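Some notes on the structure that comes next.
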Amino acid sequence: MAKESYIHLKGVRVNNLKNLNLKIPIGKITCFAGPSGSGKTSLAFHTLLAESKRRLMNCYPNNLSFFSSKPSSVEVDKLSPVLPVFGLQQINPVKGARATVSDSLGMTHLIQSLFYQMAHEYCPKHSVELKSCSLAEQFSKKTKLKDDEKIHFFISKKDFIEKVGRSILPPRSCDVDGDIHSFDVQDPFFEILRIKGKSISKLDSLGYEIETLYYSKEGKKLKSFKVISNKTCPKCDFEGQLFKSENFFSPFNALGACSACKGFGATLEITKRKLADFDKSINEGGVTLFRLKRYEPLEVKFIKAAKKKKISISKNISDLGDDFWELLYKGSGDWVGFDKIEAYLNRKRYKPGVRVILRKLQVEVNCEKCEMVRIENTYFHYKVAGSTIKDFHNYSLDECLKKIGTLKGQSNSSKLIIKRVQTILKTAVDIGLGHLLLLRKSKSLSAGEYQRIQLVKFLSFDGTGSLFVFDEPSIGLDETQQKKLIEGLKAIKAQGNTVVVVEHSEIIKKSADHLILLGPGAGPLGGEITHVGKYKPVRKFKAKKVEKNKTSDFYQCKNTEVYKKKYSGFKIANSSFNLVRGPTGSGKSLIIKNIFANELYKEIHSENLLNNPFNISIIKSLPKNLPSDILLIDANLTRFTGRSSVGSLTDLSNVVRKYYSNLEISKIMGLQTGHFSSNSKLGQCETCGGSGFELIEMPYLDDIKMKCDDCEGKGLKLEFAEITDGEQTIFEALANPMGLILDRIPLTPKFKSIYEYFKKLNLDYLSLDRKVGSLSGGEKQRIYLLSKLIGNKKNQVIILENLSFGLSSLEIHKVGQFIKDLSLLGSTIILLDHNKEFLFFADYEISFNSQGKIETSFLG
């Protein structure tokens, strides 16, 4: 067959795409661009990636495909040819507590193999390499000998028979009392050698292995000498491992995992800081244990016991002495004490509810035994090029790359491992991840950092003939890093692969071999191809000048140190728009989200916002008025279920259902809001369960998804789905653009403001029944932002991250104005985003540099 030059797509009708026909060049880099909601994600991921994966998986044998999650078929008439496909969306998978940067990059197993093949054992005390000592050397080291001194060497009778044989009889033997005499077969020890001290080297000529050797100097008692088979330190008695296993260096194997933390790098402990708020008194609820509903009733008993012990209930807990902690743990009177409560919880930890309570009381503490390396510390004496495995995991990716560069493999296998590690590390460093420590927990990374770690796996790919689909891989990268990204994409292409990127970056669009623009608008106004060919520059627009708000009211934050890096003090403007910028790895997310947000939330609600290992107070002084709440909206877009819709997240669907339930016809029929919901037993079609389709399972073919005959694909019972207010049925009201229904029904002030937000953010073209999973990255971000703002009060701190995900320059200006309006209403906005367009709206810029210096400057 002739080699195909293009991937042909015909009749693409996914989401808002309007029966598109297009060609994607094979072996090239193709960029999909256009406004948010124009259909880029629908074309790249919901069609090209999903359908290629589905058709490819149809080729798998039954025993493999049975256990695989196969995508459902999509509305496309033709997709040919089908290539092996890999995709990276803006969705981060759930990160467990165990995973580290090393794991996420696929480095842990490579380092494990490297140490197995190349490591040498060193004495931890003297830092000298362990050596194998001969029997003579071991004996000389253990015993001081004189040249003329005679020594008799014996082994047990059993060993003599096994090692030497029955045919040879020794000249002498030794009894249990240590007396040496002519050979007697009844004695327990048989002589194998008699030499002088100067001839001790003859011990090495025995030619057989012995575990225990017995010796006697002239006129002295018989002594035992244990023969060491493994390597030892030339300067002391430190012994190495008898054998070496690759699993010694694995945190996922019982041989290598740290016995204290079971290979997690941290343990869960109940600390004093978890049980009590040191800055509050007992009277003010300072004992945090009693905030748990189950233990609320015990607070009265504890206070009674404290009064009886004459422990102050009005002083801060930090000012109370050991008597308080003695009472809290040991108990007195009717108060049983926390020790007994903890023992009871540990006995009942098999119950899910008890485990939830324990987790609320526990805090993650770094393992002291393995120091977060997750490997048993008895293997820390192995070294490669002077570095232990503990050293390797404590290196940053940048430092590790330099160290690996000094290694020279002795075998073909070790050379391949070194080359693979170098490829991964160089790719990671090039796209701005060089600052990350290998042992750092993946869950502590910012969304941008974690996304780029996933990207490294693809950029370091070694293979040919595959299709790669990326969703805005340039997010969080500066111009230099974007150029490195382009080099990585070109390297994938050079191997004979096809690359498709969904992008807004002008640098990426300009560097692509082929550009496909979708639009011209979003939603129903998009879904068409407006340009195919070479790069087409975006026409710039002029924006109105935005007034800057200067203030003297600040959150003062002091110096701190995290992950061995020191950060300077800084300030955050209250009731203003603060834009946080800085290079990758400068610590923006760590300081603002994990520490500042957490400490401020504790100040307001007396509990943690995030469950992280940092217990650092960064806030030096608060502004004049404490905020009513703190709202953290990060870049994690996975908080949705398969049934989550635009209307369910913002509660606007319920508003429409209430409107229809109040119609005269509904009152006559006795209908409630649940009768108009496909998620309610009252209204959902009983045949399809509210899904609108029936799934017919086929034993050897794809499952067939057919429109439900009973509800005609509407998910609602037909008698309810067709109820109308004279202009639209309830099904049409939820399935058509929201403006067609919300413009003409009464809305409360709360929902009027939400609807206005939709208009300001250019999202009113969406239908209320539109599933969140089918939205583009930019649409998801804005919908999630709106869902979080519902019901929140003014005078709050709102922390946002990477709002430019999936947005064009024009859309960024709309979002920027929206965020600016929130600050004018009295909220403190802190936006972590690299995009320069937001500088146009921000009042203050908080700049981080790679050395840990943080500066706040007014942008007026």
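Residues are named by chain letter and number: chains run A, B, ... in the order of the structure tokens, numbers start at 1 in each chain, and ligands are numbered from 1 in the order shown.
Scanning segment 269-320 of chain A with DSSP on the backbone, the alpha helix (DSSP H) assignments fall on A:Lys272, A:Arg273, A:Lys274, A:Leu275, A:Leu298, A:Glu299, A:Val300, A:Lys301, A:Phe302, A:Ile303, A:Lys304, A:Ala305, A:Ala306, A:Lys307, A:Lys308.
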Write out as an MDAnalysis selection string the residues lying within 12 Å of Pro583 of chain A, counting only C-alpha atoms and excluding same-chain residues fewer than 4 positions away.
chainID A and resid 431:435 448:449 476:481 587:589 832:835 847:854
Check: If we count only C-alpha atoms, what is near Ser466 of chain A at a cut-off of 7 Å, once residues fewer than 3 positions away on the same chain are taken out, given as a list in words?
Finding: Leu83, Pro84, Val85, Asn497 and Thr498 of chain A
Give me the residues within 9 Å of Leu242 of chain A as a PDB file with C-alpha atoms, in the first residue's frame, counting only C-alpha atoms and dropping any in the same chain fewer than 4 places off.
```
ATOM      1  CA  SER A 229      32.050 -13.780  53.229  1.00  0.00           C
ATOM      2  CA  ASN A 230      30.975 -10.270  52.245  1.00  0.00           C
ATOM      3  CA  LYS A 231      33.036  -7.116  51.801  1.00  0.00           C
TER       4      LYS A 231
END
```
- Which of segment 523-559 of chain A fall in strand (DSSP E or B), as a ChimeraX atom specification: /A:528-533,554-557
With distances taken over only C-alpha atoms, the candidate from A:Tyr784, A:Tyr295, A:Phe115, A:Phe290 nearest Ser644 of chain A is A:Tyr784
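Atom CA of Glu607 of chain A is positioned 12.5 Å from atom CA of Val363 of chain A.
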Would you mind telling me which residue in A:Asp177, A:Glu528, A:Glu376, A:Asp339 lies nearest to Gly256 of chain A when using only C-alpha atoms?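 Checking each of A:Asp177, A:Glu528, A:Glu376, A:Asp339 against Gly256 of chain A, counting only C-alpha atoms, the winner is A:Glu376.
The nearest approach to Asn16 of chain A among the residues A:Ser38, A:Ser413, A:Ser505, A:Ser575, with only C-alpha atoms taken into account, belongs to A:Ser38.
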**Report entry** Pairwise distance for atom CA of Leu213 of chain A and atom CA of Phe154 of chain A, rounded to one decimal in Å
**Finding:**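 Atom-to-atom, atom CA of Leu213 of chain A to atom CA of Phe154 of chain A, that is 6.3 Å.
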Using only C-alpha atoms, determine which residues lie at most 9 Å from Pro627 of chain A, disregarding the query and same-chain residues fewer than 5 positions distant; provide the list as a VMD selection string.
chain A and resid 604 794 to 797 827 to 828
Query raised in the report: Got a sec: who's within 10 Å of Lys707 of chain A, counting only C-alpha atoms, leaving out chain neighbours fewer than 2 positions off, as a ChimeraX atom specification?
Result: /A:688,691-695,704-705,709-715
Store the residues picked out above, limited to all heavy atoms, as a short mmCIF file (atom, residue, chain, number, x, y, z; two decimals), in the first residue's frame.
```
data_model
loop_
_atom_site.label_atom_id
_atom_site.label_comp_id
_atom_site.auth_asym_id
_atom_site.auth_seq_id
_atom_site.Cartn_x
_atom_site.Cartn_y
_atom_site.Cartn_z
N CYS A 688 -34.07 4.30 30.32
CA CYS A 688 -32.64 4.63 30.14
C CYS A 688 -32.02 5.22 31.40
O CYS A 688 -30.82 5.55 31.39
CB CYS A 688 -32.46 5.59 28.97
SG CYS A 688 -33.24 7.21 29.22
N SER A 691 -30.31 8.84 31.02
CA SER A 691 -29.15 9.09 30.14
C SER A 691 -29.57 9.49 28.73
O SER A 691 -28.79 10.11 28.00
CB SER A 691 -28.27 7.84 30.07
OG SER A 691 -28.97 6.77 29.48
N GLY A 692 -30.80 9.12 28.30
CA GLY A 692 -31.27 9.45 26.96
C GLY A 692 -30.90 8.42 25.91
O GLY A 692 -31.26 8.56 24.75
N PHE A 693 -30.15 7.37 26.32
CA PHE A 693 -29.79 6.34 25.34
C PHE A 693 -29.74 4.98 26.05
O PHE A 693 -29.64 4.89 27.28
CB PHE A 693 -28.43 6.63 24.69
CG PHE A 693 -27.28 6.69 25.67
CD1 PHE A 693 -26.60 5.54 26.05
CD2 PHE A 693 -26.88 7.90 26.21
CE1 PHE A 693 -25.56 5.58 26.95
CE2 PHE A 693 -25.83 7.96 27.12
CZ PHE A 693 -25.18 6.79 27.49
N GLU A 694 -29.79 3.95 25.24
CA GLU A 694 -29.65 2.58 25.74
C GLU A 694 -28.37 1.99 25.18
O GLU A 694 -28.06 2.17 24.01
CB GLU A 694 -30.86 1.74 25.33
CG GLU A 694 -32.16 2.14 26.00
CD GLU A 694 -33.31 1.23 25.58
OE1 GLU A 694 -33.44 0.14 26.18
OE2 GLU A 694 -34.04 1.61 24.65
N LEU A 695 -27.64 1.27 26.04
CA LEU A 695 -26.38 0.65 25.62
C LEU A 695 -26.62 -0.83 25.37
O LEU A 695 -27.04 -1.56 26.26
CB LEU A 695 -25.32 0.85 26.70
CG LEU A 695 -23.87 0.55 26.30
CD1 LEU A 695 -23.39 1.56 25.27
CD2 LEU A 695 -22.96 0.59 27.52
N ILE A 704 -23.23 -0.84 21.17
CA ILE A 704 -24.03 0.08 20.37
C ILE A 704 -24.83 0.99 21.30
O ILE A 704 -25.52 0.52 22.21
CB ILE A 704 -24.99 -0.69 19.43
CG1 ILE A 704 -24.18 -1.56 18.47
CG2 ILE A 704 -25.91 0.27 18.69
CD1 ILE A 704 -25.04 -2.46 17.60
N LYS A 705 -24.70 2.29 21.09
CA LYS A 705 -25.44 3.27 21.87
C LYS A 705 -26.61 3.76 21.01
O LYS A 705 -26.40 4.37 19.96
CB LYS A 705 -24.53 4.44 22.25
CG LYS A 705 -25.17 5.40 23.24
CD LYS A 705 -24.30 6.63 23.45
CE LYS A 705 -23.11 6.31 24.32
NZ LYS A 705 -22.34 7.55 24.65
N ASP A 709 -36.06 4.95 22.90
CA ASP A 709 -37.34 5.14 22.20
C ASP A 709 -38.40 5.76 23.10
O ASP A 709 -39.23 6.55 22.65
CB ASP A 709 -37.85 3.79 21.68
CG ASP A 709 -37.01 3.27 20.52
OD1 ASP A 709 -36.42 4.12 19.81
OD2 ASP A 709 -36.92 2.04 20.34
N ASP A 710 -38.35 5.43 24.40
CA ASP A 710 -39.41 5.88 25.30
C ASP A 710 -39.36 7.38 25.57
O ASP A 710 -40.39 8.04 25.69
CB ASP A 710 -39.34 5.13 26.62
CG ASP A 710 -39.77 3.67 26.47
OD1 ASP A 710 -40.31 3.35 25.39
OD2 ASP A 710 -39.57 2.89 27.40
N CYS A 711 -38.13 7.94 25.67
CA CYS A 711 -38.01 9.38 25.96
C CYS A 711 -37.49 10.16 24.76
O CYS A 711 -37.28 11.38 24.86
CB CYS A 711 -37.12 9.62 27.17
SG CYS A 711 -35.38 9.17 26.93
N GLU A 712 -37.21 9.46 23.64
CA GLU A 712 -36.70 10.08 22.42
C GLU A 712 -35.37 10.81 22.66
O GLU A 712 -35.10 11.85 22.08
CB GLU A 712 -37.74 11.04 21.83
CG GLU A 712 -39.02 10.35 21.42
CD GLU A 712 -40.09 11.31 20.89
OE1 GLU A 712 -39.80 12.53 20.84
OE2 GLU A 712 -41.19 10.84 20.55
N GLY A 713 -34.56 10.23 23.57
CA GLY A 713 -33.23 10.78 23.82
C GLY A 713 -33.20 11.96 24.76
O GLY A 713 -32.15 12.57 24.96
N LYS A 714 -34.35 12.29 25.37
CA LYS A 714 -34.41 13.49 26.22
C LYS A 714 -34.06 13.20 27.68
O LYS A 714 -33.80 14.13 28.45
CB LYS A 714 -35.80 14.12 26.13
CG LYS A 714 -36.11 14.64 24.72
CD LYS A 714 -37.52 15.16 24.59
CE LYS A 714 -37.76 15.66 23.15
NZ LYS A 714 -39.14 16.12 22.94
N GLY A 715 -34.07 11.97 28.08
CA GLY A 715 -33.73 11.62 29.45
C GLY A 715 -34.88 11.80 30.43
O GLY A 715 -34.83 11.28 31.54
#
```
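Of the residues under consideration (A:Ser134, A:Ser312, A:Ser411, A:Asn802), A:Ser134 shows the shortest atom-to-atom contact distance to Ile228 of chain A when counting only C-alpha atoms.
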